[in-house]
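Participant: Coordinates in upload.txt, compact mmCIF, C-alpha atoms and all ligand atoms, are listed below.
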# COMPACT_ATOMS: atom_id res chain seq x y z
CA MET A 142 26.70 -20.85 20.84
CA LYS A 143 26.52 -21.36 17.12
CA TYR A 144 26.14 -25.13 17.44
CA LYS A 145 23.37 -24.74 19.93
CA LYS A 146 21.46 -22.42 17.62
CA ILE A 147 21.81 -24.77 14.70
CA THR A 148 20.63 -27.71 16.80
CA ILE A 149 17.54 -25.82 17.92
CA LEU A 150 16.85 -24.82 14.35
CA LEU A 151 17.17 -28.40 13.19
CA ILE A 152 14.80 -29.61 15.86
CA LEU A 153 12.31 -26.92 14.92
CA LEU A 154 12.59 -27.75 11.24
CA LEU A 155 12.07 -31.41 12.06
CA ALA A 156 9.04 -30.53 14.16
CA LEU A 157 7.64 -28.44 11.32
CA THR A 158 8.17 -31.21 8.81
CA LEU A 159 6.53 -33.79 11.05
CA SER A 160 3.53 -31.68 11.91
CA SER A 161 2.99 -30.54 8.33
CA LYS A 162 1.35 -33.83 7.37
CA ALA A 163 -1.40 -33.52 9.92
CA PHE A 164 -2.35 -30.04 8.76
CA ALA A 165 -1.78 -30.39 5.05
CA LEU A 166 -5.47 -30.15 4.16
CA ASP A 167 -5.98 -26.84 5.90
CA ASN A 168 -3.16 -25.20 4.02
CA GLY A 169 -4.60 -25.97 0.62
CA GLY A 170 -1.39 -27.94 0.11
CA LYS A 171 0.72 -24.82 0.70
CA ASP A 172 3.62 -24.25 3.06
CA ILE A 173 3.15 -21.00 4.91
CA GLU A 174 6.22 -19.02 5.96
CA VAL A 175 5.91 -15.88 8.04
CA TYR A 176 8.78 -13.39 8.33
CA VAL A 177 9.02 -10.42 10.68
CA ASN A 178 11.59 -7.90 9.41
CA GLY A 179 13.18 -10.68 7.38
CA GLU A 180 13.40 -13.21 10.23
CA ILE A 181 11.31 -16.34 9.94
CA VAL A 182 8.81 -16.91 12.76
CA GLN A 183 8.98 -20.39 14.26
CA PHE A 184 5.55 -21.73 15.15
CA ASP A 185 4.91 -24.76 17.37
CA SER A 186 2.05 -25.77 15.10
CA ARG A 187 1.40 -25.00 11.44
CA PRO A 188 -0.34 -21.82 10.30
CA ILE A 189 -3.43 -22.50 8.19
CA ILE A 190 -5.37 -20.76 5.45
CA ASP A 191 -9.08 -20.57 6.22
CA LEU A 192 -10.66 -21.94 3.06
CA ARG A 193 -13.74 -19.74 3.05
CA SER A 194 -12.14 -16.36 3.79
CA GLN A 195 -8.68 -17.20 2.37
CA ARG A 196 -7.25 -15.65 5.54
CA THR A 197 -4.07 -16.94 7.14
CA LEU A 198 -4.37 -17.97 10.78
CA VAL A 199 -1.30 -18.48 12.96
CA PRO A 200 -0.58 -19.65 16.54
CA PHE A 201 -1.15 -16.53 18.61
CA ARG A 202 1.66 -16.78 21.16
CA ALA A 203 4.42 -17.06 18.55
CA ILE A 204 3.16 -14.25 16.36
CA PHE A 205 2.54 -11.85 19.24
CA GLU A 206 6.01 -12.55 20.63
CA ALA A 207 7.65 -12.15 17.23
CA LEU A 208 6.02 -8.73 17.02
CA GLY A 209 7.39 -7.74 20.44
CA THR A 210 3.97 -7.92 22.02
CA GLU A 211 3.08 -9.06 25.54
CA VAL A 212 0.78 -12.07 25.48
CA GLU A 213 -2.14 -12.87 27.74
CA TYR A 214 -5.06 -15.24 27.60
CA ASP A 215 -8.32 -14.64 29.42
CA GLU A 216 -9.67 -18.11 30.27
CA GLN A 217 -13.08 -16.85 31.34
CA SER A 218 -13.95 -15.00 28.14
CA ARG A 219 -11.69 -17.27 25.99
CA THR A 220 -9.88 -14.26 24.59
CA ALA A 221 -6.32 -14.00 23.27
CA ILE A 222 -4.79 -10.66 24.22
CA GLY A 223 -1.71 -8.85 22.89
CA ILE A 224 -0.38 -5.67 24.46
CA LYS A 225 2.23 -3.44 22.87
CA GLY A 226 2.80 0.10 24.11
CA ASP A 227 -0.62 1.71 24.17
CA VAL A 228 -2.21 -0.77 21.78
CA VAL A 229 -4.31 -3.60 23.21
CA ILE A 230 -5.56 -6.26 20.78
CA LYS A 231 -8.24 -8.73 21.88
CA LEU A 232 -9.40 -11.73 19.90
CA PRO A 233 -12.33 -13.69 21.33
CA ILE A 234 -12.11 -17.34 20.23
CA GLY A 235 -14.86 -18.53 17.92
CA GLN A 236 -16.08 -15.05 17.04
CA ALA A 237 -15.42 -13.28 13.74
CA LYS A 238 -14.29 -10.05 15.34
CA GLY A 239 -11.40 -8.40 17.11
CA PHE A 240 -10.89 -5.41 19.36
CA VAL A 241 -8.22 -2.74 19.12
CA ASN A 242 -8.24 -0.65 22.30
CA ASP A 243 -11.83 -1.84 22.83
CA LYS A 244 -12.98 -0.69 19.40
CA GLU A 245 -14.79 -3.63 17.83
CA ILE A 246 -13.61 -4.58 14.33
CA PRO A 247 -15.56 -7.17 12.33
CA LEU A 248 -13.37 -9.85 10.74
CA ASP A 249 -14.14 -12.34 8.01
CA VAL A 250 -12.69 -15.24 9.97
CA ALA A 251 -12.93 -16.22 13.65
CA SER A 252 -9.98 -16.94 15.91
CA GLN A 253 -10.16 -20.66 16.66
CA ILE A 254 -8.67 -23.61 18.47
CA ARG A 255 -7.22 -26.38 16.31
CA GLN A 256 -5.37 -29.38 17.70
CA GLY A 257 -5.18 -27.65 21.06
CA ARG A 258 -3.57 -24.49 19.61
CA THR A 259 -5.16 -21.07 19.45
CA LEU A 260 -4.96 -19.66 15.92
CA VAL A 261 -5.56 -15.99 15.16
CA PRO A 262 -5.88 -13.94 11.93
CA LEU A 263 -2.38 -12.76 10.98
CA ARG A 264 -3.14 -9.70 8.87
CA PHE A 265 -5.46 -8.17 11.47
CA ILE A 266 -2.79 -8.44 14.16
CA GLY A 267 -0.01 -7.08 11.97
CA GLU A 268 -2.01 -4.13 10.75
CA SER A 269 -3.42 -3.33 14.20
CA LEU A 270 0.19 -2.93 15.37
CA GLY A 271 0.93 -0.57 12.48
CA CYS A 272 2.97 -3.09 10.50
CA THR A 273 2.82 -3.63 6.78
CA VAL A 274 1.75 -7.17 5.88
CA GLU A 275 2.47 -8.48 2.42
CA ALA A 276 1.45 -11.91 1.24
CA ASP A 277 3.26 -13.47 -1.67
CA ASN A 278 1.18 -16.36 -2.95
CA GLN A 279 3.53 -18.65 -4.83
CA SER A 280 2.77 -22.06 -6.19
CA GLY A 281 3.35 -24.56 -3.41
CA ARG A 282 3.98 -21.96 -0.73
CA MET A 283 2.72 -18.74 0.73
CA VAL A 284 5.31 -16.27 2.00
CA ILE A 285 4.11 -13.52 4.30
CA ASN A 286 6.39 -10.61 5.13
CA ILE A 287 5.67 -8.35 8.06
CA GLU A 288 7.57 -5.09 8.44
CA LEU A 289 7.63 -3.97 12.04
CA ILE A 290 8.67 -0.37 12.39
CA GLU A 291 10.41 0.16 15.71
CA GLU A 292 11.29 3.63 16.79
CA VAL A 293 14.89 3.43 17.83
CA LYS A 294 16.74 6.70 17.78
CA PRO A 295 20.50 6.66 17.45
CA LYS A 296 22.69 9.23 19.17
CA THR A 297 23.77 11.88 16.71
CA ALA A 298 25.27 15.34 17.03
CA ARG A 299 22.43 16.97 15.11
CA THR A 300 18.65 16.74 15.11
CA VAL A 301 16.28 17.95 12.40
CA GLU A 302 13.69 19.55 14.64
CA ASN A 303 11.37 21.15 12.15
CA ILE A 304 10.78 21.62 8.43
CA GLU A 305 8.81 24.47 6.96
CA ALA A 306 7.97 25.28 3.37
CA GLU A 307 7.35 28.79 2.13
CA VAL A 308 5.81 29.14 -1.32
CA GLU A 309 6.84 32.23 -3.23
CA ASP A 310 5.92 33.39 -6.74
CA ASP A 311 8.04 30.94 -8.66
CA ALA A 312 10.09 29.37 -5.91
CA VAL A 313 9.69 27.23 -2.80
CA VAL A 314 11.96 27.79 0.21
CA LEU A 315 12.42 24.88 2.61
CA ASP A 316 13.66 25.82 6.03
CA LEU A 317 15.16 22.93 8.00
CA ALA A 318 15.78 23.59 11.69
CA VAL A 319 19.08 21.75 12.06
CA ALA A 320 22.57 22.64 13.24
CA GLU A 321 25.41 23.22 10.81
CA GLY A 322 27.06 20.07 9.52
CA VAL A 323 27.82 17.95 6.48
CA ASN A 324 24.97 17.74 3.97
CA LYS A 325 24.73 15.99 0.63
CA VAL A 326 22.14 17.28 -1.81
CA PHE A 327 21.27 15.77 -5.17
CA THR A 328 18.37 15.49 -7.59
CA LEU A 329 16.84 12.36 -9.08
CA SER A 330 14.55 12.17 -12.09
CA ASN A 331 11.73 9.83 -13.12
CA PRO A 332 10.12 10.78 -10.81
CA ASN A 333 11.72 14.11 -10.00
CA ARG A 334 13.01 14.35 -6.44
CA LEU A 335 15.48 16.41 -4.48
CA VAL A 336 17.30 14.43 -1.80
CA ILE A 337 19.00 16.06 1.17
CA ASP A 338 21.17 13.71 3.26
CA LEU A 339 22.20 15.18 6.59
CA GLU A 340 25.15 13.40 8.12
CA ASP A 341 25.38 12.72 11.84
CA ALA A 342 21.74 13.73 12.18
CA THR A 343 18.47 12.29 13.47
CA ILE A 344 14.98 13.15 12.26
CA ASP A 345 12.66 14.43 14.96
CA THR A 346 9.93 15.98 12.86
CA GLU A 347 7.26 15.05 10.35
CA GLY A 348 7.45 15.61 6.62
CA ILE A 349 4.99 17.86 4.83
CA SER A 350 2.28 15.80 3.18
CA GLU A 351 1.03 18.47 0.81
CA ILE A 352 2.47 21.72 -0.47
CA ASP A 353 0.31 23.98 -2.59
CA SER A 354 2.84 24.79 -5.28
CA ASP A 355 3.56 24.00 -8.92
CA LEU A 356 7.05 22.84 -7.99
CA VAL A 357 6.76 20.60 -4.96
CA PHE A 358 4.02 18.30 -3.77
CA ALA A 359 5.41 16.83 -0.59
CA VAL A 360 8.41 16.50 1.69
CA ARG A 361 9.17 13.10 3.20
CA VAL A 362 11.61 12.38 5.99
CA GLY A 363 13.31 9.25 7.21
CA GLN A 364 16.40 7.83 8.81
CA PHE A 365 18.35 6.72 5.74
CA GLU A 366 21.18 5.21 7.74
CA GLU A 367 21.66 4.99 11.46
CA THR A 368 23.32 8.40 11.52
CA VAL A 369 22.12 9.87 8.23
CA ALA A 370 18.80 11.71 8.18
CA ARG A 371 17.21 11.92 4.75
CA VAL A 372 14.77 14.55 3.51
CA VAL A 373 13.16 13.77 0.16
CA VAL A 374 11.35 16.54 -1.69
CA ASP A 375 8.80 15.11 -4.15
CA LEU A 376 8.78 17.41 -7.14
CA LYS A 377 6.19 18.06 -9.79
CA GLN A 378 8.84 19.16 -12.27
CA ALA A 379 12.60 19.47 -12.62
CA VAL A 380 14.13 22.15 -10.39
CA THR A 381 17.32 24.02 -9.72
CA TYR A 382 18.30 24.56 -6.09
CA GLN A 383 20.44 26.75 -3.86
CA LEU A 384 21.61 26.04 -0.32
CA GLN A 385 22.15 28.50 2.47
CA GLN A 386 23.53 27.07 5.69
CA GLY A 387 23.27 29.02 8.93
CA LYS A 388 24.30 28.01 12.44
CA ASP A 389 20.90 26.48 13.22
CA SER A 390 19.20 26.22 9.89
CA LEU A 391 19.55 24.94 6.38
CA LYS A 392 17.60 26.83 3.74
CA VAL A 393 16.98 25.22 0.36
CA THR A 394 15.54 27.43 -2.37
CA LEU A 395 13.94 25.58 -5.27
CA ALA A 396 13.06 27.14 -8.62
CA ALA A 397 11.72 25.67 -11.84
CA ASP A 398 14.36 24.37 -14.22
CA LYS A 399 13.06 26.17 -17.29
CA GLY A 400 14.98 23.87 -19.59
CA GLN A 401 12.90 20.89 -18.50
CA ASP A 402 9.20 21.85 -18.47
CA ILE A 403 6.86 18.99 -19.23
CA GLU A 404 4.20 19.77 -21.76
CA ARG A 405 1.26 17.46 -21.14
CA ASP A 406 -0.23 15.61 -24.09
CA TYR A 407 -4.01 15.40 -23.76
CA ASN A 408 -4.12 12.43 -26.15
CA THR A 409 -1.78 10.36 -23.99
CA ILE A 410 -2.91 8.51 -20.87
CA VAL A 411 -1.43 5.90 -18.52
CA ILE A 412 -3.66 2.94 -17.57
CA ASP A 413 -2.49 0.92 -14.57
CA PRO A 414 -4.03 -2.55 -14.13
CA GLY A 415 -3.69 -3.29 -10.38
CA HIS A 416 -1.51 -6.13 -9.02
CA GLY A 417 -0.33 -8.94 -11.33
CA GLY A 418 2.12 -11.84 -11.31
CA ARG A 419 2.93 -12.96 -7.78
CA ASP A 420 0.66 -10.25 -6.35
CA PRO A 421 -2.91 -11.55 -6.75
CA GLY A 422 -4.58 -8.59 -5.01
CA ALA A 423 -7.76 -9.45 -3.16
CA ILE A 424 -9.04 -13.01 -3.46
CA SER A 425 -12.72 -13.71 -3.93
CA PRO A 426 -13.99 -15.54 -0.83
CA TYR A 427 -16.66 -17.22 -2.97
CA THR A 428 -14.86 -18.44 -6.08
CA GLY A 429 -11.20 -17.98 -5.19
CA ARG A 430 -10.71 -15.78 -8.25
CA PHE A 431 -7.97 -13.16 -8.03
CA GLU A 432 -8.44 -9.41 -8.23
CA LYS A 433 -5.54 -9.20 -10.70
CA GLU A 434 -7.55 -11.13 -13.32
CA PHE A 435 -10.37 -8.64 -13.07
CA CYS A 436 -7.93 -5.67 -13.25
CA THR A 437 -6.25 -7.08 -16.36
CA ALA A 438 -9.53 -7.68 -18.18
CA LEU A 439 -11.12 -4.34 -17.30
CA ALA A 440 -7.96 -2.31 -18.00
CA GLN A 441 -7.62 -3.92 -21.44
CA LEU A 442 -11.23 -3.02 -22.30
CA VAL A 443 -10.63 0.56 -21.15
CA ALA A 444 -7.42 0.76 -23.20
CA ASP A 445 -9.18 -0.55 -26.33
CA LEU A 446 -12.01 1.97 -26.00
CA LEU A 447 -9.54 4.82 -25.42
CA GLU A 448 -7.55 3.82 -28.48
CA ASP A 449 -10.80 3.93 -30.47
CA GLU A 450 -11.11 7.52 -29.22
CA GLY A 451 -7.66 8.30 -30.61
CA PHE A 452 -5.63 8.08 -27.40
CA ASP A 453 -2.08 6.83 -27.06
CA VAL A 454 -2.49 4.43 -24.15
CA ILE A 455 0.50 3.47 -22.01
CA MET A 456 -0.10 0.38 -19.85
CA THR A 457 2.00 -0.14 -16.71
CA ARG A 458 1.84 -3.89 -17.25
CA SER A 459 0.76 -6.13 -20.07
CA GLY A 460 -0.29 -9.65 -19.27
CA ASP A 461 0.04 -11.28 -15.89
CA GLU A 462 3.38 -9.92 -14.68
CA TYR A 463 4.56 -8.46 -11.40
CA VAL A 464 5.41 -4.75 -11.58
CA SER A 465 6.31 -2.90 -8.38
CA LEU A 466 4.46 0.28 -7.44
CA GLU A 467 7.71 2.25 -7.81
CA GLU A 468 8.18 0.98 -11.36
CA ARG A 469 4.61 1.94 -12.23
CA VAL A 470 5.11 5.48 -10.94
CA ARG A 471 8.50 5.79 -12.59
CA LEU A 472 7.02 4.74 -15.93
CA ALA A 473 4.09 7.17 -15.61
CA ASN A 474 6.34 10.08 -14.62
CA SER A 475 8.63 9.45 -17.56
CA THR A 476 5.75 10.19 -19.96
CA ASN A 477 3.92 13.40 -20.81
CA ALA A 478 0.51 11.77 -20.27
CA PHE A 479 -2.21 14.12 -19.03
CA ALA A 480 -3.72 11.57 -16.61
CA PHE A 481 -3.09 8.30 -14.76
CA VAL A 482 -5.86 5.77 -14.08
CA SER A 483 -5.30 2.76 -11.82
CA ILE A 484 -7.85 -0.06 -11.97
CA HIS A 485 -8.72 -2.29 -9.00
CA ALA A 486 -11.50 -4.20 -7.28
CA ASN A 487 -12.27 -3.75 -3.61
CA SER A 488 -12.64 -5.97 -0.55
CA ALA A 489 -14.03 -5.38 2.92
CA PRO A 490 -14.56 -7.42 6.09
CA ASN A 491 -18.26 -6.53 5.87
CA THR A 492 -19.67 -8.60 3.00
CA GLU A 493 -22.76 -6.40 2.72
CA VAL A 494 -20.73 -3.50 1.34
CA SER A 495 -20.89 -2.96 -2.43
CA GLY A 496 -20.32 -0.26 -5.01
CA VAL A 497 -17.82 1.95 -6.81
CA GLU A 498 -15.19 4.12 -5.13
CA VAL A 499 -12.74 6.36 -6.95
CA TYR A 500 -9.72 7.62 -5.08
CA THR A 501 -7.53 10.63 -5.54
CA LYS A 502 -4.49 11.74 -3.59
CA ARG A 503 -5.21 13.07 -0.13
CA GLY A 504 -5.66 16.81 -0.15
CA SER A 505 -5.96 17.09 -3.94
CA ASP A 506 -8.81 18.18 -6.19
CA ARG A 507 -11.50 15.47 -6.37
CA THR A 508 -13.02 16.52 -9.70
CA PHE A 509 -11.51 13.71 -11.80
CA ALA A 510 -12.48 11.08 -9.20
CA ARG A 511 -16.02 12.40 -8.84
CA ILE A 512 -16.65 12.63 -12.58
CA THR A 513 -15.39 9.08 -13.08
CA ALA A 514 -17.39 7.53 -10.21
CA ASP A 515 -20.56 9.22 -11.51
CA ALA A 516 -19.86 8.12 -15.09
CA ILE A 517 -19.34 4.47 -14.09
CA VAL A 518 -22.52 4.13 -12.04
CA LYS A 519 -24.50 5.99 -14.70
CA ARG A 520 -23.66 3.09 -17.01
CA SER A 521 -23.59 0.18 -14.57
CA GLY A 522 -26.24 1.13 -12.03
CA GLN A 523 -23.89 0.10 -9.19
CA ASN A 524 -23.97 1.74 -5.79
CA ASN A 525 -22.03 5.06 -5.97
CA ARG A 526 -19.68 5.32 -2.98
CA GLY A 527 -18.22 8.41 -4.60
CA ALA A 528 -14.89 10.20 -4.70
CA LYS A 529 -12.52 9.52 -1.83
CA GLU A 530 -9.02 10.47 -0.81
CA ALA A 531 -6.18 8.14 0.14
CA ASP A 532 -2.42 7.99 -0.04
CA PHE A 533 -2.15 5.00 -2.34
CA TYR A 534 1.39 4.99 -3.70
CA VAL A 535 0.50 5.16 -7.39
CA ILE A 536 -1.77 8.18 -7.04
CA ARG A 537 0.42 9.89 -4.47
CA HIS A 538 3.64 9.92 -6.45
CA THR A 539 2.48 10.40 -10.02
CA GLY A 540 3.11 13.89 -11.35
CA MET A 541 -0.12 14.15 -13.34
CA PRO A 542 -3.78 14.06 -12.20
CA ALA A 543 -4.25 10.47 -11.00
CA ILE A 544 -7.15 8.34 -9.85
CA LEU A 545 -7.51 4.80 -8.49
CA ILE A 546 -10.79 3.10 -9.34
CA GLU A 547 -12.19 0.41 -7.05
CA ALA A 548 -14.81 -0.89 -9.48
CA GLY A 549 -16.74 -2.96 -6.93
CA PHE A 550 -16.36 -5.39 -4.02
CA LEU A 551 -15.17 -8.97 -4.49
CA THR A 552 -16.34 -9.63 -0.93
CA ASN A 553 -19.99 -8.97 -1.83
CA VAL A 554 -21.45 -12.16 -3.29
CA GLN A 555 -23.68 -10.47 -5.90
CA GLU A 556 -21.12 -7.88 -6.92
CA GLU A 557 -18.36 -10.47 -7.25
CA GLN A 558 -20.51 -12.32 -9.77
CA TYR A 559 -21.32 -9.07 -11.56
CA LEU A 560 -17.68 -7.97 -11.83
CA TYR A 561 -16.32 -11.15 -13.39
CA ASP A 562 -18.95 -11.20 -16.15
CA PRO A 563 -17.25 -9.88 -19.32
CA ARG A 564 -20.46 -8.16 -20.47
CA ASN A 565 -20.57 -6.12 -17.28
CA GLN A 566 -16.85 -5.34 -17.56
CA GLU A 567 -17.60 -3.72 -20.92
CA VAL A 568 -20.29 -1.59 -19.30
CA ILE A 569 -17.92 -0.46 -16.53
CA ALA A 570 -15.11 0.17 -19.05
CA GLN A 571 -17.41 2.39 -21.08
CA GLY A 572 -18.28 4.32 -17.90
CA ILE A 573 -14.59 4.83 -17.08
CA VAL A 574 -13.95 6.12 -20.60
CA ASP A 575 -16.95 8.49 -20.33
CA GLY A 576 -15.37 9.87 -17.17
CA ILE A 577 -11.93 10.30 -18.73
CA LEU A 578 -13.40 12.10 -21.77
CA GLU A 579 -15.48 14.42 -19.61
CA TYR A 580 -12.48 15.23 -17.44
CA ARG A 581 -10.28 15.89 -20.48
CA ASP A 582 -12.90 18.29 -21.85
CA ARG A 583 -12.62 20.25 -18.63
CA VAL A 584 -8.84 20.46 -18.33
CA ALA A 585 -7.50 20.38 -21.90
CA PRO A 586 -6.57 23.85 -23.18
ZN ZN B 1 -6.27 -3.75 -5.59
So that I can check it, write out the structure of this file as structure tokens.
Facilitator:
Amino acid sequence: MKYKKITILLILLLALTLSSKAFALDNGGKDIEVYVNGEIVQFDSRPIIDLRSQRTLVPFRAIFEALGTEVEYDEQSRTAIGIKGDVVIKLPIGQAKGFVNDKEIPLDVASQIRQGRTLVPLRFIGESLGCTVEADNQSGRMVINIELIEEVKPKTARTVENIEAEVEDDAVVLDLAVAEGVNKVFTLSNPNRLVIDLEDATIDTEGISEIDSDLVFAVRVGQFEETVARVVVDLKQAVTYQLQQGKDSLKVTLAADKGQDIERDYNTIVIDPGHGGRDPGAISPYTGRFEKEFCTALAQLVADLLEDEGFDVIMTRSGDEYVSLEERVRLANSTNAFAFVSIHANSAPNTEVSGVEVYTKRGSDRTFARITADAIVKRSGQNNRGAKEADFYVIRHTGMPAILIEAGFLTNVQEEQYLYDPRNQEVIAQGIVDGILEYRDRVAP
């Protein structure tokens, strides 16, 4: 068996090497490797990068099959079709659009036939199937990792059927509907979390995305190991806890750990330039410039202006280095900064779209985001797309008021030009600082 596998692999590798010459131009000289849950996908012809949109296109049969999707092709309408569970994806060849369950979605590149092979946009397919798609653009090669989340439930003695949170005066009581068993509970700091590992248990409930309390902001759940269910309580401050196990419930009472209150410093702020290093962010379809360059430049201008105003500015990265989202949050939560500001540029399939968006955590107060969006466009005259909510990691897990600024669209030809001009970056930076100062005036004691 082993020999056979190796032989097949060798033949495939040989085939890849041979075919790479013919397609070299389309790849911008890059080798493209696609992995699904860590396993490389073997294609019968090379994936390509569309030069205009910078999108990766891959042979449709191989990618659909690697994602556990049934494949069909409608000759009459020249449409590639993938079916998985109740999701139907359709990609008409030669048209810059796709359909997910018959909902039309505009794309910035068309599915196409090259050398007799049908190539389809990779990211669209991955994301339509609920996968995460991460591209790692290295010199000489592009590595794309797709995480496919399959729902496979192991057999365990216990099931966590429900989680409820009750907010009391200065405590939060979590009530887990789960049978008696072995539980491990521990706290983690930077950021503060309480972890409850339930052995021989399966999760069959959702977490709690938002809890209106000074102690806890969310409860997340997951299957930590095949037979260990994990409940993570995201905390806003350090806590003490008490457990009370009944026959069919586990009660966890959380109270503030008075010894460890964070006093916010209204002269300290965290500035988070988006992306960096091997993560380029969005790529301009017009000039090929990276979002990370824009983020670095704008964030530095903002930091300089804030320092002129007397702030201590903590940057999550300096220079062009890769810093994971977890590290950014951990750094922010280890400070006593009064606010966190993440700086990005936007992209959209529709190239007409332009303007400023400022995000805050879903379900939280939008004041900081609204003030900042207004302050930017007051200076820059850009289209104001306003305050929005999203669960971006860096604004979701930071313990202080946090916003993520999308300062404009790199996919809009005029705005892309505007954003990369250093003079305009100064204007936008001044707007961001206006917003931060106005917000501080409102919240500082
Ligand atoms: Zn970004």
Participant: Show me as an mmCIF file with C-alpha atoms, in the frame of the given file the residues that reach within 7 Å of (16.6, 14.2, 13.0), counting all atoms listed in the file and using the file's own coordinates.
Facilitator:
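Result went into part33.cif, see below:
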data_model
loop_
_atom_site.group_PDB
_atom_site.id
_atom_site.type_symbol
_atom_site.label_atom_id
_atom_site.label_comp_id
_atom_site.auth_asym_id
_atom_site.auth_seq_id
_atom_site.Cartn_x
_atom_site.Cartn_y
_atom_site.Cartn_z
ATOM 1 C CA ARG A 299 22.430 16.970 15.110
ATOM 2 C CA THR A 300 18.650 16.740 15.110
ATOM 3 C CA VAL A 301 16.280 17.950 12.400
ATOM 4 C CA GLU A 302 13.690 19.550 14.640
ATOM 5 C CA ALA A 342 21.740 13.730 12.180
ATOM 6 C CA THR A 343 18.470 12.290 13.470
ATOM 7 C CA ILE A 344 14.980 13.150 12.260
ATOM 8 C CA ASP A 345 12.660 14.430 14.960
ATOM 9 C CA THR A 346 9.930 15.980 12.860
ATOM 10 C CA ALA A 370 18.800 11.710 8.180
#
Participant: Which residues come within 9 Å of Lys388 of chain A, counting all atoms listed in the file, excluding same-chain residues fewer than 4 positions away, as a count of residues only?
Facilitator: 4
Participant: Skipping near chain neighbours, those fewer than 6 positions away, what residues fall within 9 Å of Val574 of chain A using all atoms listed in the file, listed as a list of chain:residue names?
Facilitator: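 Result of the neighbour search: A:Val443, A:Ala444, A:Leu446, A:Leu447, A:Thr513, A:Ala516, A:Ile517.
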Participant: Under the rule of at most 6 Å, produce a per-residue listing of chain A near ligand ZN 1 (chain B): chain, number, name, the closest pair of atoms, and the distance in Å, as JSON lines, using all atoms listed in the file.
Facilitator:
{"residue": "A:Gly415", "atom": "CA", "partner": "B:ZN1", "partner_atom": "ZN", "distance": 5.5}
{"residue": "A:Gly422", "atom": "CA", "partner": "B:ZN1", "partner_atom": "ZN", "distance": 5.2}
{"residue": "A:His485", "atom": "CA", "partner": "B:ZN1", "partner_atom": "ZN", "distance": 4.4}
{"residue": "A:Ala486", "atom": "CA", "partner": "B:ZN1", "partner_atom": "ZN", "distance": 5.5}
Participant: Using C-alpha atoms, can you write the selected residues to a file as an mmCIF file, in the coordinates of the input?
Facilitator:
data_model
loop_
_atom_site.group_PDB
_atom_site.id
_atom_site.type_symbol
_atom_site.label_atom_id
_atom_site.label_comp_id
_atom_site.auth_asym_id
_atom_site.auth_seq_id
_atom_site.Cartn_x
_atom_site.Cartn_y
_atom_site.Cartn_z
ATOM 1 C CA GLY A 415 -3.690 -3.290 -10.380
ATOM 2 C CA GLY A 422 -4.580 -8.590 -5.010
ATOM 3 C CA HIS A 485 -8.720 -2.290 -9.000
ATOM 4 C CA ALA A 486 -11.500 -4.200 -7.280
#
Participant: Applying 12 Å and only C-alpha atoms, which residues near Pro586 of chain A remain after dropping the ones on its own chain fewer than 5 positions away? List them as a list in words.
Facilitator: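 Here the qualifying residues turn out to be Glu404, Arg405, Asp406, Tyr407, Phe479, Tyr580 and Arg581 of chain A.
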Participant: Show which residues sit within 12 Å of segment 217-225 of chain A, as a short mmCIF file (atom, residue, chain, number, x, y, z; two decimals) with C-alpha atoms, in the coordinates of the input. Count all atoms listed in the file, and ignore same-chain residues fewer than 4 positions away.
Facilitator:
data_model
loop_
_atom_site.label_atom_id
_atom_site.label_comp_id
_atom_site.auth_asym_id
_atom_site.auth_seq_id
_atom_site.Cartn_x
_atom_site.Cartn_y
_atom_site.Cartn_z
CA PRO A 200 -0.58 -19.65 16.54
CA PHE A 201 -1.15 -16.53 18.61
CA ARG A 202 1.66 -16.78 21.16
CA ALA A 203 4.42 -17.06 18.55
CA ILE A 204 3.16 -14.25 16.36
CA PHE A 205 2.54 -11.85 19.24
CA GLU A 206 6.01 -12.55 20.63
CA ALA A 207 7.65 -12.15 17.23
CA LEU A 208 6.02 -8.73 17.02
CA GLY A 209 7.39 -7.74 20.44
CA THR A 210 3.97 -7.92 22.02
CA GLU A 211 3.08 -9.06 25.54
CA VAL A 212 0.78 -12.07 25.48
CA GLU A 213 -2.14 -12.87 27.74
CA VAL A 229 -4.31 -3.60 23.21
CA ILE A 230 -5.56 -6.26 20.78
CA LYS A 231 -8.24 -8.73 21.88
CA LEU A 232 -9.40 -11.73 19.90
CA PRO A 233 -12.33 -13.69 21.33
CA ILE A 234 -12.11 -17.34 20.23
CA GLY A 235 -14.86 -18.53 17.92
CA GLN A 236 -16.08 -15.05 17.04
CA LYS A 238 -14.29 -10.05 15.34
CA GLY A 239 -11.40 -8.40 17.11
CA PHE A 240 -10.89 -5.41 19.36
CA VAL A 241 -8.22 -2.74 19.12
CA ASN A 242 -8.24 -0.65 22.30
CA ASP A 243 -11.83 -1.84 22.83
CA ALA A 251 -12.93 -16.22 13.65
CA SER A 252 -9.98 -16.94 15.91
CA GLN A 253 -10.16 -20.66 16.66
CA ILE A 254 -8.67 -23.61 18.47
CA ARG A 258 -3.57 -24.49 19.61
CA THR A 259 -5.16 -21.07 19.45
CA LEU A 260 -4.96 -19.66 15.92
CA VAL A 261 -5.56 -15.99 15.16
CA PRO A 262 -5.88 -13.94 11.93
CA ILE A 266 -2.79 -8.44 14.16
CA GLY A 267 -0.01 -7.08 11.97
CA SER A 269 -3.42 -3.33 14.20
CA LEU A 270 0.19 -2.93 15.37
CA GLY A 271 0.93 -0.57 12.48
CA GLU A 291 10.41 0.16 15.71
#
Participant: Name all residues at most 8 Å from segment 547-564 of chain A (count only C-alpha atoms; drop same-chain ones fewer than 4 positions away) and give them as a list in words.
Facilitator: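 Selected residues are Ala423, Ile424, Ser425, Pro426, Tyr427, Glu432, Phe435, Ile484, His485, Ala486, Asn487, Ser488, Ala489, Pro490, Asn491, Thr492, Glu493, Val494, Ser495, Gly496, Val497, Glu498, Val499, Tyr500, Val568 and Ile569 of chain A.
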